[in-house]
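Pasted below: structure_28.tsv, TSV, C-alpha atoms.
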chain	number	residue	atom	x	y	z
T	1	MET	CA	-35.98	-17.67	-146.64
T	2	ALA	CA	-34.90	-19.84	-149.52
T	3	PHE	CA	-31.41	-21.24	-149.24
T	4	SER	CA	-29.25	-21.51	-152.29
T	5	ASP	CA	-27.96	-24.83	-150.95
T	6	ASP	CA	-29.33	-27.32	-148.52
T	7	LEU	CA	-28.58	-26.55	-144.89
T	8	SER	CA	-25.86	-29.15	-144.44
T	9	SER	CA	-23.68	-27.42	-147.00
T	10	ILE	CA	-23.95	-24.17	-145.03
T	11	PHE	CA	-22.95	-25.60	-141.70
T	12	ASP	CA	-22.42	-28.99	-140.12
T	13	LEU	CA	-24.81	-29.21	-137.18
T	14	GLU	CA	-23.49	-32.55	-136.03
T	15	ASP	CA	-19.92	-31.33	-135.96
T	16	ALA	CA	-20.88	-28.05	-134.28
T	17	LEU	CA	-22.83	-29.93	-131.61
T	18	GLU	CA	-19.97	-32.31	-131.01
T	19	LYS	CA	-17.66	-29.39	-130.39
T	20	VAL	CA	-19.87	-28.10	-127.59
T	21	GLY	CA	-20.25	-31.51	-126.02
T	22	GLY	CA	-23.75	-31.99	-127.46
T	23	ASP	CA	-25.14	-29.01	-125.57
T	24	LYS	CA	-27.53	-27.32	-127.97
T	25	GLU	CA	-28.12	-24.47	-125.53
T	26	ILE	CA	-24.53	-23.37	-125.91
T	27	LEU	CA	-24.99	-23.14	-129.67
T	28	GLU	CA	-28.16	-21.12	-129.14
T	29	GLU	CA	-26.33	-18.78	-126.79
T	30	ILE	CA	-23.50	-18.08	-129.15
T	31	LEU	CA	-25.94	-17.72	-132.05
T	32	VAL	CA	-27.49	-14.77	-130.25
T	33	VAL	CA	-24.06	-13.15	-130.02
T	34	PHE	CA	-23.26	-14.04	-133.62
T	35	SER	CA	-26.49	-12.49	-134.97
T	36	GLU	CA	-25.77	-9.30	-133.07
T	37	THR	CA	-22.15	-8.93	-134.07
T	38	TYR	CA	-21.64	-10.24	-137.58
T	39	PRO	CA	-23.14	-7.13	-139.26
T	40	TYR	CA	-20.47	-5.02	-137.53
T	41	GLN	CA	-17.74	-7.46	-138.38
T	42	LEU	CA	-18.83	-7.47	-142.01
T	43	SER	CA	-18.97	-3.69	-142.23
T	44	GLU	CA	-15.53	-3.38	-140.64
T	45	LEU	CA	-14.23	-5.78	-143.24
T	46	LYS	CA	-16.00	-3.93	-146.05
T	47	ASN	CA	-14.62	-0.58	-144.95
T	48	ALA	CA	-11.11	-1.99	-144.78
T	49	ILE	CA	-11.41	-3.40	-148.29
T	50	ASP	CA	-12.81	-0.09	-149.62
T	51	SER	CA	-9.99	1.88	-148.10
T	52	GLY	CA	-7.35	-0.68	-149.09
T	53	ASP	CA	-6.23	-1.32	-145.52
T	54	ALA	CA	-4.75	-4.80	-145.88
T	55	PRO	CA	-3.77	-5.42	-142.20
T	56	ILE	CA	-7.32	-4.62	-141.06
T	57	VAL	CA	-8.71	-6.86	-143.80
T	58	GLU	CA	-6.54	-9.66	-142.46
T	59	ARG	CA	-7.57	-9.15	-138.88
T	60	ALA	CA	-11.29	-8.61	-139.50
T	61	ALA	CA	-11.45	-11.65	-141.77
T	62	HIS	CA	-9.55	-13.64	-139.16
T	63	THR	CA	-12.08	-12.68	-136.48
T	64	LEU	CA	-15.03	-13.60	-138.70
T	65	LYS	CA	-13.33	-16.87	-139.49
T	66	GLY	CA	-13.27	-17.61	-135.78
T	67	SER	CA	-16.96	-16.78	-135.40
T	68	VAL	CA	-18.21	-18.93	-138.25
T	69	GLY	CA	-15.76	-21.69	-137.30
T	70	ALA	CA	-17.61	-22.16	-134.02
T	71	PHE	CA	-20.63	-23.31	-136.06
T	72	SER	CA	-18.60	-25.54	-138.37
T	73	ALA	CA	-19.63	-23.38	-141.32
T	74	LYS	CA	-17.13	-24.73	-143.76
T	75	LYS	CA	-17.96	-22.57	-146.77
T	76	ALA	CA	-18.00	-19.24	-144.94
T	77	LEU	CA	-14.87	-20.25	-143.07
T	78	GLU	CA	-13.00	-20.93	-146.28
T	79	THR	CA	-14.11	-17.66	-147.83
T	80	ALA	CA	-13.10	-15.73	-144.71
T	81	PHE	CA	-9.76	-17.49	-144.79
T	82	GLN	CA	-9.36	-16.47	-148.44
T	83	LEU	CA	-9.86	-12.83	-147.47
T	84	GLU	CA	-7.53	-13.18	-144.50
T	85	THR	CA	-4.82	-14.46	-146.83
T	86	MET	CA	-5.45	-11.62	-149.29
T	87	GLY	CA	-5.09	-9.16	-146.44
T	88	ARG	CA	-1.90	-10.76	-145.21
T	89	GLU	CA	-0.37	-10.76	-148.66
T	90	GLY	CA	-1.63	-7.27	-149.39
T	91	LYS	CA	-3.40	-8.45	-152.55
T	92	LEU	CA	-6.82	-6.86	-152.37
T	93	GLU	CA	-7.68	-6.83	-156.13
T	94	GLU	CA	-10.23	-9.64	-155.81
T	95	ALA	CA	-11.22	-8.78	-152.23
T	96	ALA	CA	-14.46	-6.96	-153.07
T	97	THR	CA	-15.73	-9.94	-155.09
T	98	VAL	CA	-14.78	-12.42	-152.40
T	99	TYR	CA	-16.35	-10.14	-149.81
T	100	SER	CA	-19.72	-10.26	-151.60
T	101	LYS	CA	-19.56	-14.02	-151.50
T	102	LEU	CA	-18.69	-14.00	-147.81
T	103	GLU	CA	-21.46	-11.56	-146.98
T	104	GLN	CA	-24.01	-13.80	-148.63
T	105	GLU	CA	-22.63	-16.91	-146.96
T	106	VAL	CA	-22.63	-15.32	-143.53
T	107	GLU	CA	-26.19	-14.08	-143.90
T	108	GLU	CA	-27.27	-17.50	-145.09
T	109	LEU	CA	-25.50	-19.05	-142.15
T	110	ASP	CA	-27.30	-16.81	-139.69
T	111	ALA	CA	-30.68	-17.65	-141.22
T	112	ALA	CA	-29.90	-21.35	-141.42
T	113	LEU	CA	-28.74	-21.46	-137.81
T	114	LYS	CA	-31.86	-19.66	-136.63
T	115	ALA	CA	-34.07	-22.02	-138.61
T	116	THR	CA	-32.29	-25.12	-137.34
T	117	LEU	CA	-31.78	-24.21	-133.71
T	118	SER	CA	-35.30	-22.92	-133.14
T	119	GLU	CA	-36.73	-25.98	-134.87
T	120	SER	CA	-36.91	-28.35	-131.94
J	1	MET	CA	-10.47	-21.67	-109.93
J	2	ASN	CA	-10.57	-18.27	-111.62
J	3	ILE	CA	-10.19	-18.25	-115.38
J	4	LEU	CA	-9.63	-15.12	-117.44
J	5	ILE	CA	-10.69	-15.14	-121.09
J	6	VAL	CA	-9.14	-12.70	-123.52
J	7	GLU	CA	-10.75	-12.86	-126.93
J	8	ASP	CA	-11.74	-10.08	-129.31
J	9	ASP	CA	-14.27	-12.13	-131.26
J	10	PRO	CA	-17.57	-11.95	-129.33
J	11	VAL	CA	-18.75	-15.35	-130.55
J	12	SER	CA	-15.61	-17.20	-129.49
J	13	ARG	CA	-15.53	-15.23	-126.24
J	14	ARG	CA	-19.10	-16.18	-125.37
J	15	LEU	CA	-18.46	-19.78	-126.37
J	16	LEU	CA	-15.48	-20.01	-124.01
J	17	GLU	CA	-17.36	-18.26	-121.25
J	18	VAL	CA	-20.47	-20.43	-121.43
J	19	THR	CA	-18.49	-23.67	-121.77
J	20	LEU	CA	-16.12	-22.95	-118.89
J	21	LYS	CA	-18.97	-21.85	-116.64
J	22	LYS	CA	-20.72	-25.09	-117.45
J	23	PHE	CA	-17.58	-26.91	-116.26
J	24	GLY	CA	-17.95	-25.06	-112.96
J	25	TYR	CA	-15.21	-22.44	-113.21
J	26	ASP	CA	-15.37	-18.78	-112.23
J	27	VAL	CA	-14.92	-16.89	-115.46
J	28	ILE	CA	-14.01	-13.31	-116.31
J	29	ALA	CA	-14.31	-12.47	-120.01
J	30	THR	CA	-12.39	-9.58	-121.56
J	31	SER	CA	-12.01	-8.49	-125.16
J	32	ASN	CA	-8.45	-7.17	-125.23
J	33	GLY	CA	-5.04	-7.23	-123.57
J	34	ASN	CA	-5.42	-4.00	-121.65
J	35	GLU	CA	-8.68	-5.08	-120.06
J	36	ALA	CA	-6.99	-8.36	-119.16
J	37	LEU	CA	-4.09	-6.58	-117.45
J	38	GLU	CA	-6.56	-4.50	-115.46
J	39	VAL	CA	-8.05	-7.70	-114.06
J	40	PHE	CA	-4.62	-8.52	-112.65
J	41	GLN	CA	-4.70	-5.26	-110.68
J	42	GLY	CA	-8.01	-6.26	-109.11
J	43	PRO	CA	-8.74	-8.32	-106.00
J	44	SER	CA	-9.06	-11.77	-107.56
J	45	VAL	CA	-6.03	-12.56	-109.67
J	46	PRO	CA	-6.85	-15.33	-112.17
J	47	SER	CA	-4.93	-18.60	-111.96
J	48	LEU	CA	-5.43	-19.44	-115.59
J	49	VAL	CA	-5.63	-17.31	-118.71
J	50	ILE	CA	-7.04	-18.39	-122.05
J	51	SER	CA	-6.09	-15.79	-124.61
J	52	ASP	CA	-6.51	-15.42	-128.32
J	53	TRP	CA	-3.25	-14.87	-130.16
J	54	MET	CA	-4.31	-12.44	-132.88
J	55	MET	CA	-6.03	-9.43	-131.40
J	56	PRO	CA	-6.07	-5.74	-132.28
J	57	GLY	CA	-3.75	-3.70	-130.08
J	58	MET	CA	-1.89	-5.93	-127.68
J	59	ASP	CA	-1.76	-9.45	-129.07
J	60	GLY	CA	-1.77	-12.65	-127.03
J	61	LEU	CA	2.01	-12.97	-127.00
J	62	GLU	CA	2.54	-9.47	-125.70
J	63	LEU	CA	-0.09	-10.05	-123.03
J	64	CYS	CA	1.67	-13.26	-122.01
J	65	ARG	CA	5.03	-11.51	-121.76
J	66	ASN	CA	3.42	-8.75	-119.71
J	67	ILE	CA	1.92	-11.25	-117.27
J	68	ARG	CA	5.21	-13.14	-117.02
J	69	GLY	CA	6.94	-9.89	-116.17
J	70	MET	CA	4.62	-9.14	-113.24
J	71	LYS	CA	5.63	-9.69	-109.67
J	72	LYS	CA	2.97	-12.10	-108.44
J	73	SER	CA	2.78	-14.45	-105.50
J	74	SER	CA	1.42	-17.31	-107.59
J	75	TYR	CA	1.83	-18.72	-111.06
J	76	THR	CA	-0.50	-17.94	-113.94
J	77	TYR	CA	-1.08	-20.76	-116.38
J	78	PHE	CA	-1.39	-19.37	-119.89
J	79	ILE	CA	-3.21	-21.10	-122.74
J	80	ILE	CA	-3.01	-19.39	-126.09
J	81	LEU	CA	-5.63	-19.81	-128.80
J	82	THR	CA	-4.49	-20.23	-132.36
J	83	ALA	CA	-6.47	-20.59	-135.56
J	84	LYS	CA	-6.33	-23.81	-137.48
J	85	GLY	CA	-3.93	-23.45	-140.36
J	86	GLY	CA	-2.97	-20.01	-139.07
J	87	LYS	CA	0.40	-18.42	-139.43
J	88	GLU	CA	1.08	-18.40	-135.71
J	89	ASP	CA	4.33	-20.02	-134.79
J	90	VAL	CA	4.23	-22.41	-131.83
J	91	ILE	CA	7.85	-21.68	-130.95
J	92	LYS	CA	7.14	-17.96	-130.68
J	93	GLY	CA	4.29	-18.75	-128.31
J	94	LEU	CA	6.44	-20.93	-126.08
J	95	ASP	CA	9.16	-18.30	-126.13
J	96	ALA	CA	6.69	-15.69	-124.88
J	97	GLY	CA	5.94	-17.97	-121.93
J	98	ALA	CA	2.73	-19.74	-122.96
J	99	ASP	CA	2.12	-23.10	-121.27
J	100	ASP	CA	-0.20	-24.64	-123.81
J	101	PHE	CA	-2.01	-24.13	-127.09
J	102	LEU	CA	-5.55	-24.68	-128.19
J	103	THR	CA	-6.55	-24.59	-131.82
J	104	LYS	CA	-9.76	-22.87	-132.87
J	105	PRO	CA	-12.38	-24.02	-133.51
J	106	PHE	CA	-11.85	-26.13	-130.43
J	107	ASN	CA	-13.76	-29.05	-129.04
J	108	SER	CA	-15.26	-28.59	-125.56
J	109	GLU	CA	-13.81	-31.91	-124.37
J	110	GLU	CA	-10.35	-30.85	-125.42
J	111	LEU	CA	-10.83	-27.49	-123.72
J	112	LYS	CA	-11.91	-29.29	-120.55
J	113	TYR	CA	-8.79	-31.43	-120.40
J	114	ARG	CA	-6.39	-28.64	-121.34
J	115	VAL	CA	-7.84	-26.59	-118.49
J	116	LYS	CA	-7.57	-29.59	-116.16
J	117	ILE	CA	-3.88	-29.91	-116.96
J	118	GLY	CA	-3.47	-26.26	-116.05
J	119	GLU	CA	-5.44	-26.75	-112.86
J	120	ARG	CA	-3.17	-29.63	-111.88
J	121	ILE	CA	-0.09	-27.47	-112.32
J	122	ILE	CA	-1.66	-24.60	-110.38
J	123	ASN	CA	-2.66	-26.90	-107.51
J	124	LEU	CA	0.80	-28.43	-107.36
J	125	GLU	CA	2.35	-25.01	-107.28
J	126	GLN	CA	0.06	-23.96	-104.44
J	127	ARG	CA	0.93	-27.07	-102.47
J	128	ILE	CA	4.63	-26.51	-102.93
J	129	LEU	CA	4.24	-22.87	-102.00
J	130	LYS	CA	2.41	-23.85	-98.82
J	131	LEU	CA	5.12	-26.34	-97.90
J	132	ALA	CA	7.79	-23.76	-98.56
J	133	THR	CA	6.18	-21.07	-96.42
J	134	THR	CA	4.83	-23.10	-93.50
J	135	ASP	CA	6.58	-24.25	-90.35
J	136	SER	CA	5.89	-27.98	-90.43
J	137	LEU	CA	5.64	-28.44	-86.65
J	138	THR	CA	3.29	-25.60	-85.78
J	139	GLY	CA	1.61	-24.80	-89.10
J	140	VAL	CA	2.29	-21.05	-88.83
J	141	LEU	CA	4.47	-19.16	-91.32
J	142	ASN	CA	8.13	-20.04	-91.28
J	143	ARG	CA	10.70	-17.35	-90.65
J	144	ARG	CA	11.43	-16.51	-94.28
J	145	ALA	CA	7.75	-16.31	-95.25
J	146	PHE	CA	6.91	-14.20	-92.21
J	147	MET	CA	9.74	-11.77	-92.92
J	148	GLU	CA	8.69	-11.40	-96.54
J	149	ARG	CA	5.11	-10.68	-95.59
J	150	MET	CA	6.04	-8.41	-92.72
J	151	ASN	CA	8.25	-6.44	-95.05
J	152	GLU	CA	5.37	-5.98	-97.49
J	153	GLU	CA	3.08	-4.96	-94.63
J	154	ILE	CA	5.51	-2.32	-93.38
J	155	HIS	CA	5.66	-0.82	-96.86
J	156	ARG	CA	1.91	-0.94	-97.18
J	157	ALA	CA	1.33	0.64	-93.79
J	158	LYS	CA	3.71	3.43	-94.78
J	159	ARG	CA	1.82	4.00	-98.03
J	160	GLU	CA	-1.51	4.01	-96.25
J	161	GLY	CA	-0.19	6.17	-93.44
J	162	SER	CA	-1.20	3.72	-90.74
J	163	PRO	CA	0.79	2.24	-87.88
J	164	ILE	CA	1.80	-1.39	-87.72
J	165	SER	CA	3.01	-3.45	-84.78
J	166	LEU	CA	5.19	-6.44	-84.20
J	167	ILE	CA	4.96	-8.78	-81.25
J	168	LEU	CA	7.97	-10.92	-80.49
J	169	MET	CA	7.52	-13.74	-78.05
J	170	ASP	CA	9.92	-16.18	-76.46
J	171	ILE	CA	8.88	-19.14	-74.31
J	172	ASP	CA	10.43	-18.95	-70.84
J	173	HIS	CA	12.87	-21.69	-69.81
J	174	PHE	CA	12.15	-23.74	-72.87
J	175	LYS	CA	15.48	-25.54	-72.63
J	176	LYS	CA	14.44	-26.85	-69.25
J	177	VAL	CA	11.24	-28.31	-70.77
J	178	ASN	CA	13.28	-30.17	-73.35
J	179	ASP	CA	15.81	-31.36	-70.78
J	180	THR	CA	13.17	-32.48	-68.27
J	181	TYR	CA	10.44	-33.92	-70.45
J	182	GLY	CA	12.21	-34.67	-73.73
J	183	HIS	CA	11.92	-33.18	-77.18
J	184	GLN	CA	8.54	-34.71	-77.97
J	185	THR	CA	7.05	-32.77	-75.11
J	186	GLY	CA	9.02	-29.74	-76.24
J	187	ASP	CA	7.33	-30.04	-79.63
J	188	LEU	CA	3.95	-30.40	-77.98
J	189	VAL	CA	4.56	-27.22	-75.99
J	190	LEU	CA	5.41	-25.34	-79.16
J	191	GLN	CA	2.17	-26.52	-80.73
J	192	ARG	CA	0.03	-25.66	-77.72
J	193	VAL	CA	1.59	-22.23	-77.43
J	194	THR	CA	0.94	-21.65	-81.16
J	195	ASP	CA	-2.72	-22.50	-80.58
J	196	GLN	CA	-2.96	-19.71	-78.03
J	197	LEU	CA	-1.23	-17.21	-80.30
J	198	MET	CA	-3.55	-18.08	-83.16
J	199	ASP	CA	-6.55	-17.94	-80.89
J	200	ARG	CA	-5.69	-14.43	-79.74
J	201	SER	CA	-4.66	-12.93	-83.07
J	202	ARG	CA	-7.25	-11.39	-85.34
J	203	ALA	CA	-8.08	-12.61	-88.86
J	204	TYR	CA	-5.92	-9.99	-90.55
J	205	ASP	CA	-2.91	-10.49	-88.28
J	206	PHE	CA	-0.45	-13.28	-88.94
J	207	VAL	CA	1.81	-15.45	-86.87
J	208	GLY	CA	5.23	-16.87	-87.68
J	209	ARG	CA	7.87	-19.00	-86.02
J	210	TYR	CA	10.94	-16.86	-85.76
J	211	GLY	CA	13.32	-19.44	-84.41
J	212	GLY	CA	13.40	-22.39	-81.99
J	213	GLU	CA	11.02	-21.17	-79.28
J	214	GLU	CA	10.55	-17.66	-80.59
J	215	PHE	CA	7.41	-16.49	-82.34
J	216	VAL	CA	6.41	-13.30	-84.13
J	217	ILE	CA	2.99	-11.77	-84.69
J	218	CYS	CA	2.16	-8.97	-87.08
J	219	VAL	CA	-0.61	-6.71	-85.77
J	220	ARG	CA	-2.00	-4.56	-88.54
J	221	SER	CA	-3.45	-1.07	-88.20
J	222	THR	CA	-3.41	-0.51	-84.48
J	223	GLU	CA	-5.47	2.68	-84.30
J	224	ASP	CA	-8.48	0.88	-82.88
J	225	ILE	CA	-6.70	-1.79	-80.89
J	226	ASP	CA	-3.73	-1.66	-78.60
J	227	PRO	CA	-1.09	-4.24	-79.61
J	228	GLN	CA	0.05	-4.37	-76.02
J	229	SER	CA	-3.34	-5.68	-74.91
J	230	ILE	CA	-3.24	-8.33	-77.63
J	231	ALA	CA	0.15	-9.46	-76.34
J	232	GLU	CA	-1.13	-9.33	-72.79
J	233	ARG	CA	-4.06	-11.58	-73.65
J	234	MET	CA	-1.70	-14.01	-75.36
J	235	ARG	CA	0.53	-14.04	-72.33
J	236	ARG	CA	-2.38	-14.70	-69.97
J	237	ASN	CA	-3.75	-17.49	-72.14
J	238	ILE	CA	-0.39	-19.23	-72.29
J	239	GLU	CA	0.06	-18.88	-68.55
J	240	ALA	CA	-3.41	-20.29	-67.85
J	241	GLN	CA	-2.99	-23.27	-70.13
J	242	THR	CA	-2.28	-26.70	-68.69
J	243	ILE	CA	-0.35	-28.93	-71.04
J	244	VAL	CA	-0.68	-32.68	-70.58
J	245	THR	CA	2.32	-34.60	-71.87
J	246	ASP	CA	1.65	-37.44	-74.28
J	247	GLN	CA	3.62	-40.19	-72.61
J	248	SER	CA	3.42	-39.91	-68.87
J	249	ASN	CA	0.25	-37.84	-68.54
J	250	GLN	CA	2.22	-35.33	-66.55
J	251	THR	CA	0.97	-31.78	-66.63
J	252	LEU	CA	3.10	-28.73	-67.05
J	253	ARG	CA	2.64	-25.02	-67.30
J	254	ILE	CA	4.43	-22.60	-69.48
J	255	THR	CA	5.00	-18.88	-69.52
J	256	ALA	CA	6.38	-16.58	-72.17
J	257	SER	CA	7.94	-13.14	-72.44
J	258	PHE	CA	6.73	-10.59	-74.95
J	259	GLY	CA	8.13	-7.55	-76.67
J	260	VAL	CA	5.87	-5.15	-78.58
J	261	GLY	CA	7.14	-2.68	-81.15
J	262	THR	CA	5.15	-0.23	-83.22
J	263	SER	CA	6.17	1.45	-86.42
J	264	ARG	CA	4.53	4.69	-87.46
J	265	PRO	CA	4.73	6.12	-90.95
J	266	GLU	CA	6.91	9.02	-89.82
J	267	TYR	CA	9.50	6.69	-88.23
J	268	ASP	CA	10.90	5.60	-91.56
J	269	ASP	CA	11.39	2.12	-90.18
J	270	THR	CA	12.81	-0.85	-91.97
J	271	LEU	CA	11.86	-4.38	-91.00
J	272	ASP	CA	15.28	-4.65	-89.41
J	273	SER	CA	14.97	-1.57	-87.23
J	274	LEU	CA	11.49	-2.57	-86.06
J	275	ILE	CA	12.68	-6.06	-85.13
J	276	LYS	CA	15.66	-4.65	-83.26
J	277	ARG	CA	13.46	-2.36	-81.15
J	278	THR	CA	10.96	-5.14	-80.47
J	279	ASP	CA	13.72	-7.60	-79.61
J	280	LYS	CA	15.12	-5.19	-77.05
J	281	ALA	CA	11.69	-4.90	-75.43
J	282	MET	CA	11.44	-8.68	-75.29
J	283	TYR	CA	14.81	-8.93	-73.56
J	284	GLU	CA	13.70	-6.31	-71.13
J	285	ALA	CA	10.72	-8.54	-70.31
J	286	LYS	CA	13.13	-11.41	-69.70
J	287	LYS	CA	15.35	-9.28	-67.54
J	288	LYS	CA	12.47	-8.00	-65.46
J	289	GLY	CA	11.61	-11.56	-64.45
J	290	ARG	CA	9.91	-13.10	-67.52
J	291	ASN	CA	6.20	-13.85	-68.06
J	292	ARG	CA	5.43	-10.25	-68.94
J	293	VAL	CA	4.90	-7.84	-71.81
J	294	CYS	CA	7.29	-4.95	-72.45
J	295	VAL	CA	6.66	-2.23	-74.99
J	296	ALA	CA	9.52	-0.83	-77.02
J	297	ARG	CA	10.18	2.86	-76.58
J	298	GLU	CA	8.70	4.89	-79.41
J	299	LYS	CA	11.28	6.03	-81.88

Rewrite the structure from the file as structure tokens, please.
Amino acid sequence: MAFSDDLSSIFDLEDALEKVGGDKEILEEILVVFSETYPYQLSELKNAIDSGDAPIVERAAHTLKGSVGAFSAKKALETAFQLETMGREGKLEEAATVYSKLEQEVEELDAALKATLSES
Amino acid sequence: MNILIVEDDPVSRRLLEVTLKKFGYDVIATSNGNEALEVFQGPSVPSLVISDWMMPGMDGLELCRNIRGMKKSSYTYFIILTAKGGKEDVIKGLDAGADDFLTKPFNSEELKYRVKIGERIINLEQRILKLATTDSLTGVLNRRAFMERMNEEIHRAKREGSPISLILMDIDHFKKVNDTYGHQTGDLVLQRVTDQLMDRSRAYDFVGRYGGEEFVICVRSTEDIDPQSIAERMRRNIEAQTIVTDQSNQTLRITASFGVGTSRPEYDDTLDSLIKRTDKAMYEAKKKGRNRVCVAREK
């Protein structure tokens, strides 16, 4: 897969490793969970945006923010936070656009993590 | 130490679980407040809870308030997870009864030390609890702790429809021991007698010091075993024991009088009425010449 940015702009491996006390296996373990669950989290978020359910948008974005935060994925984290704020404030006009961005960033993150963590 | 994780996000949940297991803790991971509360109904009640704040359904604060409202025999240390830059208000968390906060995404070192702080508090609490419930001379339950537990056991036996027995024991002529050999020897006698009681009680029975030279033993579910024979064995062991005094190497022998009372579900006993019956039986044993077991008349 071709990444639109270099890997370090997608997530900060050094920072993510530091958070787990340098234990790469822990990152690998939670990556497995992440890969399995983010599609559901994304679709929950998408459905909430489509149906204009702001509280669910807030919560689903918040949860995703927590997931990507574990990998120090700064870009995806900020985008998720943007959606969380939109949900909280009930302003969903731009949500679909921001969601597309988030979806792409999360998928990129998953691919980048897989590429990096299976590397060595 | 048992740690309960409550986190709806699978990634964060797994991260907590794996990290805490690596630190050597026993971990139970749940994804919502209701599941977490169910764990508290189970056999191993967690000492420490790490819960996310924002969760669908019951949030972390509500869970914390629920746990604080439970009647438990030990404290639960509660760490609440907040998101960096989130809207959660620390004061609200403290007001709900949380002990500490951890900001996500967290660092494993920080997690380790936050949990260690909790562990320290839990251990202190357990030590204090032990001091507060133990008779310092003999190491058995003190009177208050015994009565509390006995009361619970009577209620439980009633619920389960099983009988429960109380043995009340008083050392014979204990005043004479103190007067003749001194209080140090008196203390030694109390300790040696306790050893015999402990030796003859089963793992699920419990022993307490009721007063000066009076002891109480709770004998649970007596369908398969006769509480009178347990008391009889205790009596024989005490009688057979030779106690060597610390100072003068003198030896002395001790006897004790026992009362046995049984409560059956249909009796509608209270702790008080069971003790009264058993106490009467014990006095009967004294009156009949001591060093014997008397059984209280059934109600």

Original post:
Using only C-alpha atoms, which residues sit within 9 Å of Phe11 in chain T once same-chain residues fewer than 5 positions away are excluded, as number ranges by chain?
Top reply: T: 16, 68, 71-76, 109, 112-113

Original post:
Quick one: which residues from chain J are at most 8 Å off chain T, using all atoms listed in the file, as a list of chain:residue names?
Top reply: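 Contact residues on the first chain: J:Asp8, J:Asp9, J:Pro10, J:Val11, J:Ser12, J:Arg14, J:Leu15, J:Val18, J:Thr19, J:Met54, J:Met55, J:Pro56, J:Ala83, J:Lys104, J:Pro105, J:Phe106, J:Asn107, J:Ser108, J:Glu109.
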
Those same residues - C-alpha atoms - I'd like them written as an mmCIF file, in the coordinates of the input.
data_model
loop_
_atom_site.group_PDB
_atom_site.id
_atom_site.type_symbol
_atom_site.label_atom_id
_atom_site.label_comp_id
_atom_site.auth_asym_id
_atom_site.auth_seq_id
_atom_site.Cartn_x
_atom_site.Cartn_y
_atom_site.Cartn_z
ATOM 1 C CA ASP J 8 -11.740 -10.080 -129.310
ATOM 2 C CA ASP J 9 -14.270 -12.130 -131.260
ATOM 3 C CA PRO J 10 -17.570 -11.950 -129.330
ATOM 4 C CA VAL J 11 -18.750 -15.350 -130.550
ATOM 5 C CA SER J 12 -15.610 -17.200 -129.490
ATOM 6 C CA ARG J 14 -19.100 -16.180 -125.370
ATOM 7 C CA LEU J 15 -18.460 -19.780 -126.370
ATOM 8 C CA VAL J 18 -20.470 -20.430 -121.430
ATOM 9 C CA THR J 19 -18.490 -23.670 -121.770
ATOM 10 C CA MET J 54 -4.310 -12.440 -132.880
ATOM 11 C CA MET J 55 -6.030 -9.430 -131.400
ATOM 12 C CA PRO J 56 -6.070 -5.740 -132.280
ATOM 13 C CA ALA J 83 -6.470 -20.590 -135.560
ATOM 14 C CA LYS J 104 -9.760 -22.870 -132.870
ATOM 15 C CA PRO J 105 -12.380 -24.020 -133.510
ATOM 16 C CA PHE J 106 -11.850 -26.130 -130.430
ATOM 17 C CA ASN J 107 -13.760 -29.050 -129.040
ATOM 18 C CA SER J 108 -15.260 -28.590 -125.560
ATOM 19 C CA GLU J 109 -13.810 -31.910 -124.370
#

**OP:** Just give me the residues with any atom within 12 Å of (-35.4, -26.7, -131.8), file coordinates, counting only C-alpha atoms, written as a PyMOL selection string.
**Re:** chain T and resi 24-25+27-28+113-120

Subject >> Leu190 in chain J surroundings by only C-alpha atoms, 10 Å radius, close-in-sequence under 2 positions cut, as a PyMOL selection string >> reply: chain J and resi 137-138+171+174+184-188+192-195+209+212-215

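Atom pair CA of Lys71 in chain J / CA of Val45 in chain J has a distance of 12.0 Å (rounded to one decimal).
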
**OP:** Could you give me, as a list in words, the residues within 6 Å of Leu168 in chain J, counting only C-alpha atoms and dropping anything in the same chain fewer than 4 positions from it?
**Re:**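 Skipping anything fewer than 4 positions along the chain leaves Phe215, Val216, Phe258 and Gly259 of chain J.
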
**OP:** Name the closest residue to Gly90 in chain T among the candidates T:Ala54, T:Leu7, T:Ala61, T:Val106; distances are taken between atoms, counting only C-alpha atoms.
**Re:** T:Ala54

**OP:** Would you list the contacts of Ile225 in chain J as a list of chain:residue names, taking every protein, DNA or RNA residue within 12 Å and counting only C-alpha atoms, but skipping same-chain residues closer than 3 positions in sequence?
**Re:**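 Non-adjacent residues within range: J:Pro163, J:Ile164, J:Ser165, J:Ser201, J:Arg202, J:Val219, J:Arg220, J:Ser221, J:Thr222, J:Gln228, J:Ser229, J:Ile230, J:Ala231.
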
Keeping only C-alpha atoms, write the selected residues to a file as a PDB file, in the frame of the given file.
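In the end it all went to again_25.pdb:
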ATOM      1  CA  PRO J 163       0.790   2.240 -87.880  1.00  0.00           C
ATOM      2  CA  ILE J 164       1.800  -1.390 -87.720  1.00  0.00           C
ATOM      3  CA  SER J 165       3.010  -3.450 -84.780  1.00  0.00           C
ATOM      4  CA  SER J 201      -4.660 -12.930 -83.070  1.00  0.00           C
ATOM      5  CA  ARG J 202      -7.250 -11.390 -85.340  1.00  0.00           C
ATOM      6  CA  VAL J 219      -0.610  -6.710 -85.770  1.00  0.00           C
ATOM      7  CA  ARG J 220      -2.000  -4.560 -88.540  1.00  0.00           C
ATOM      8  CA  SER J 221      -3.450  -1.070 -88.200  1.00  0.00           C
ATOM      9  CA  THR J 222      -3.410  -0.510 -84.480  1.00  0.00           C
ATOM     10  CA  GLN J 228       0.050  -4.370 -76.020  1.00  0.00           C
ATOM     11  CA  SER J 229      -3.340  -5.680 -74.910  1.00  0.00           C
ATOM     12  CA  ILE J 230      -3.240  -8.330 -77.630  1.00  0.00           C
ATOM     13  CA  ALA J 231       0.150  -9.460 -76.340  1.00  0.00           C
TER      14      ALA J 231
END
